[in-house]
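Encoded as structure tokens, the structure appears first; notes follow it.
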Amino acid sequence: MAQFDFYPFEDGYLLDVQSALMDRLNTRMIVPLLPIGRAPKPAERLNPVFTIGAARYVMVTQFMGAVPVAELKEKAGSLAHEHFVIKSAIDMVFDGV
């Protein structure tokens with residue numbers, strides 16, 4: 001598992017935001033990626049929107065939580081190229097900036 005990989009979940013994805021240094025834990029910190037029509041209205045910086053395939057998904061950072069590693073089955077892709085945007089959204093939750 002790698003930071004910023006995402007995994008199918010219901011009609012969206014779970015984005016793994018946990019550092020690889022914490023690989024030995026049996027849980028992963030995730031942020032849901034919800035279809036834009038099902039997510040709360042995106043707030044600037046807090047809820048970046050990503051295109052995956054032909055659809056748009058909102059990173060619902062305020063719904064961040066931990067899930068057992070076993071819940072994350074097959075990797076669907078990676079948003080590692082968006083790491084600055086993702087970390088900025090997480091910083092917004094914890095630091096307000």
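Labels for the structure tokens follow display order: chains A, B, ..., residues from 1 in each chain, ligands from 1.
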I'd like the neighbourhood of A:Val67 as a ChimeraX atom specification, where a residue qualifies if any of its atoms comes within 7 Å (using only C-alpha atoms), though same-chain residues fewer than 3 positions away should be ignored. /A:27-29,71
Please, could you write that set of residues out with N, CA and C atoms as a compact mmCIF listing (two decimals), in the first residue's frame?
# COMPACT_ATOMS: atom_id res chain seq x y z
N THR A 27 -4.33 -0.65 10.41
CA THR A 27 -5.34 0.30 9.94
C THR A 27 -4.67 1.31 9.01
N ARG A 28 -5.50 1.99 8.22
CA ARG A 28 -5.02 3.05 7.34
C ARG A 28 -5.93 4.27 7.50
N MET A 29 -5.33 5.45 7.49
CA MET A 29 -6.12 6.69 7.48
C MET A 29 -6.57 6.92 6.05
N GLU A 71 -10.11 -3.84 4.64
CA GLU A 71 -11.18 -3.19 3.88
C GLU A 71 -10.71 -2.66 2.53
Just want the 10 Å neighbourhood of A:Asp23, counted on only C-alpha atoms, with same-chain residues fewer than 6 positions away dropped. Output as a PyMOL selection string.
chain A and resi 1-3+69
Query raised in the report: Mind checking DSSP for chain A and telling me the alpha helix (DSSP H) residues as a PyMOL selection string?
Result: chain A and resi 83-95
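When the distance limit is 10 Å and only C-alpha atoms are what count, the residues near A:Val85, minus those fewer than 2 positions from it on the same chain, are Arg45, Leu46, Asn47, Pro48, Val49, Leu79, Ala80, His81, Glu82, His83, Lys87, Ser88, Ala89, Ile90 and Asp91 of chain A.
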Deliver the residues from the most recent selection as a file, using N, CA and C atoms, as an mmCIF file, in the first residue's frame.
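Result saved to selection-v1.cif:
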data_model
loop_
_atom_site.group_PDB
_atom_site.id
_atom_site.type_symbol
_atom_site.label_atom_id
_atom_site.label_comp_id
_atom_site.auth_asym_id
_atom_site.auth_seq_id
_atom_site.Cartn_x
_atom_site.Cartn_y
_atom_site.Cartn_z
ATOM 1 N N ARG A 45 -10.155 24.573 -1.091
ATOM 2 C CA ARG A 45 -9.013 23.929 -0.425
ATOM 3 C C ARG A 45 -9.401 22.701 0.376
ATOM 4 N N LEU A 46 -10.501 22.716 1.110
ATOM 5 C CA LEU A 46 -10.886 21.580 1.945
ATOM 6 C C LEU A 46 -11.316 20.390 1.108
ATOM 7 N N ASN A 47 -11.974 20.640 -0.009
ATOM 8 C CA ASN A 47 -12.574 19.581 -0.819
ATOM 9 C C ASN A 47 -12.148 19.661 -2.279
ATOM 10 N N PRO A 48 -10.903 19.297 -2.579
ATOM 11 C CA PRO A 48 -10.493 19.298 -3.986
ATOM 12 C C PRO A 48 -11.303 18.287 -4.797
ATOM 13 N N VAL A 49 -11.445 18.576 -6.063
ATOM 14 C CA VAL A 49 -12.177 17.700 -6.985
ATOM 15 C C VAL A 49 -11.163 17.090 -7.950
ATOM 16 N N LEU A 79 -3.279 8.971 -6.673
ATOM 17 C CA LEU A 79 -3.324 10.425 -6.834
ATOM 18 C C LEU A 79 -2.033 11.052 -6.305
ATOM 19 N N ALA A 80 -0.947 10.295 -6.327
ATOM 20 C CA ALA A 80 0.339 10.792 -5.818
ATOM 21 C C ALA A 80 0.764 12.085 -6.514
ATOM 22 N N HIS A 81 0.396 12.231 -7.778
ATOM 23 C CA HIS A 81 0.747 13.455 -8.510
ATOM 24 C C HIS A 81 0.004 14.679 -7.968
ATOM 25 N N GLU A 82 -1.000 14.465 -7.117
ATOM 26 C CA GLU A 82 -1.786 15.551 -6.513
ATOM 27 C C GLU A 82 -1.430 15.741 -5.033
ATOM 28 N N HIS A 83 -0.256 15.269 -4.617
ATOM 29 C CA HIS A 83 0.068 15.252 -3.185
ATOM 30 C C HIS A 83 0.027 16.630 -2.527
ATOM 31 N N LYS A 87 -2.449 17.226 0.631
ATOM 32 C CA LYS A 87 -1.893 17.639 1.929
ATOM 33 C C LYS A 87 -2.424 19.009 2.348
ATOM 34 N N SER A 88 -2.669 19.873 1.399
ATOM 35 C CA SER A 88 -3.234 21.181 1.704
ATOM 36 C C SER A 88 -4.641 21.040 2.283
ATOM 37 N N ALA A 89 -5.427 20.121 1.740
ATOM 38 C CA ALA A 89 -6.780 19.878 2.254
ATOM 39 C C ALA A 89 -6.723 19.328 3.677
ATOM 40 N N ILE A 90 -5.801 18.406 3.922
ATOM 41 C CA ILE A 90 -5.653 17.834 5.266
ATOM 42 C C ILE A 90 -5.174 18.907 6.250
ATOM 43 N N ASP A 91 -4.248 19.752 5.822
ATOM 44 C CA ASP A 91 -3.790 20.854 6.675
ATOM 45 C C ASP A 91 -4.945 21.773 7.049
#
| query | Got a sec: who's within 10 Å of A:Pro35, counting only C-alpha atoms, leaving out chain neighbours fewer than 5 positions off, as a list in words? | reply | Asp11, Gly12, Tyr13, Pro40, Val49, Phe50, Thr51, Ile52, Ala55, Arg56, Tyr57, Val58 and Met59 of chain A
In terms of only C-alpha atoms, the residue from A:Leu72, A:Gly53, A:Phe63, A:Asn26 at minimal distance from A:Glu10 is A:Leu72
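As for atom CA of A:Val17 and atom CA of A:Lys73, they are spaced 15.7 Å apart.
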Expressed in Å, the length from atom CA of A:Tyr7 to atom CA of A:Asp95 is 26.9 Å
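The space between atom CA of A:Phe4 and atom CA of A:Gln18 spans 7.9 Å.
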Those in chain A with strand (DSSP E or B) from DSSP, as an NGL selection string: :A and (5-9 or 12-16 or 27-35 or 49-52 or 55-59 or 65-68 or 77-78)
Grab the residues selected above and save them as a PDB file, in the first residue's frame with C-alpha atoms.
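selection_38.pdb, freshly written:
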ATOM      1  CA  ASP A   5      -3.420   5.128  -3.618  1.00  0.00           C
ATOM      2  CA  PHE A   6      -7.201   4.809  -3.815  1.00  0.00           C
ATOM      3  CA  TYR A   7      -9.482   1.804  -3.502  1.00  0.00           C
ATOM      4  CA  PRO A   8     -13.066   1.137  -4.655  1.00  0.00           C
ATOM      5  CA  PHE A   9     -15.741   1.648  -2.009  1.00  0.00           C
ATOM      6  CA  GLY A  12     -16.690   6.109  -4.846  1.00  0.00           C
ATOM      7  CA  TYR A  13     -13.232   5.436  -3.495  1.00  0.00           C
ATOM      8  CA  LEU A  14     -11.203   5.520  -0.296  1.00  0.00           C
ATOM      9  CA  LEU A  15      -7.998   7.545  -0.608  1.00  0.00           C
ATOM     10  CA  ASP A  16      -5.131   6.280   1.565  1.00  0.00           C
ATOM     11  CA  THR A  27      -5.342   0.298   9.938  1.00  0.00           C
ATOM     12  CA  ARG A  28      -5.016   3.053   7.336  1.00  0.00           C
ATOM     13  CA  MET A  29      -6.119   6.689   7.482  1.00  0.00           C
ATOM     14  CA  ILE A  30      -8.421   7.334   4.555  1.00  0.00           C
ATOM     15  CA  VAL A  31     -10.443  10.146   3.029  1.00  0.00           C
ATOM     16  CA  PRO A  32     -13.545   9.287   0.976  1.00  0.00           C
ATOM     17  CA  LEU A  33     -13.673  10.333  -2.668  1.00  0.00           C
ATOM     18  CA  LEU A  34     -17.375  10.739  -3.450  1.00  0.00           C
ATOM     19  CA  PRO A  35     -19.038  11.331  -6.813  1.00  0.00           C
ATOM     20  CA  VAL A  49     -12.177  17.700  -6.985  1.00  0.00           C
ATOM     21  CA  PHE A  50     -10.325  15.030  -8.964  1.00  0.00           C
ATOM     22  CA  THR A  51     -11.149  13.440 -12.302  1.00  0.00           C
ATOM     23  CA  ILE A  52     -10.890   9.651 -12.222  1.00  0.00           C
ATOM     24  CA  ALA A  55     -16.090  11.041 -13.588  1.00  0.00           C
ATOM     25  CA  ARG A  56     -15.382  13.763 -11.031  1.00  0.00           C
ATOM     26  CA  TYR A  57     -14.922  12.953  -7.351  1.00  0.00           C
ATOM     27  CA  VAL A  58     -14.783  15.220  -4.314  1.00  0.00           C
ATOM     28  CA  MET A  59     -12.220  14.575  -1.597  1.00  0.00           C
ATOM     29  CA  GLY A  65     -11.100   8.297   9.387  1.00  0.00           C
ATOM     30  CA  ALA A  66      -9.346   4.990   9.900  1.00  0.00           C
ATOM     31  CA  VAL A  67     -10.307   1.658   8.347  1.00  0.00           C
ATOM     32  CA  PRO A  68      -8.833  -1.823   8.764  1.00  0.00           C
ATOM     33  CA  GLY A  77      -5.213   4.019  -8.941  1.00  0.00           C
ATOM     34  CA  SER A  78      -3.036   6.702  -7.395  1.00  0.00           C
TER      35      SER A  78
END
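Proximity ranking of A:Ala76, A:Phe94, A:Ser19, A:Arg38 relative to A:Met64 places A:Phe94 first, based on only C-alpha atoms.
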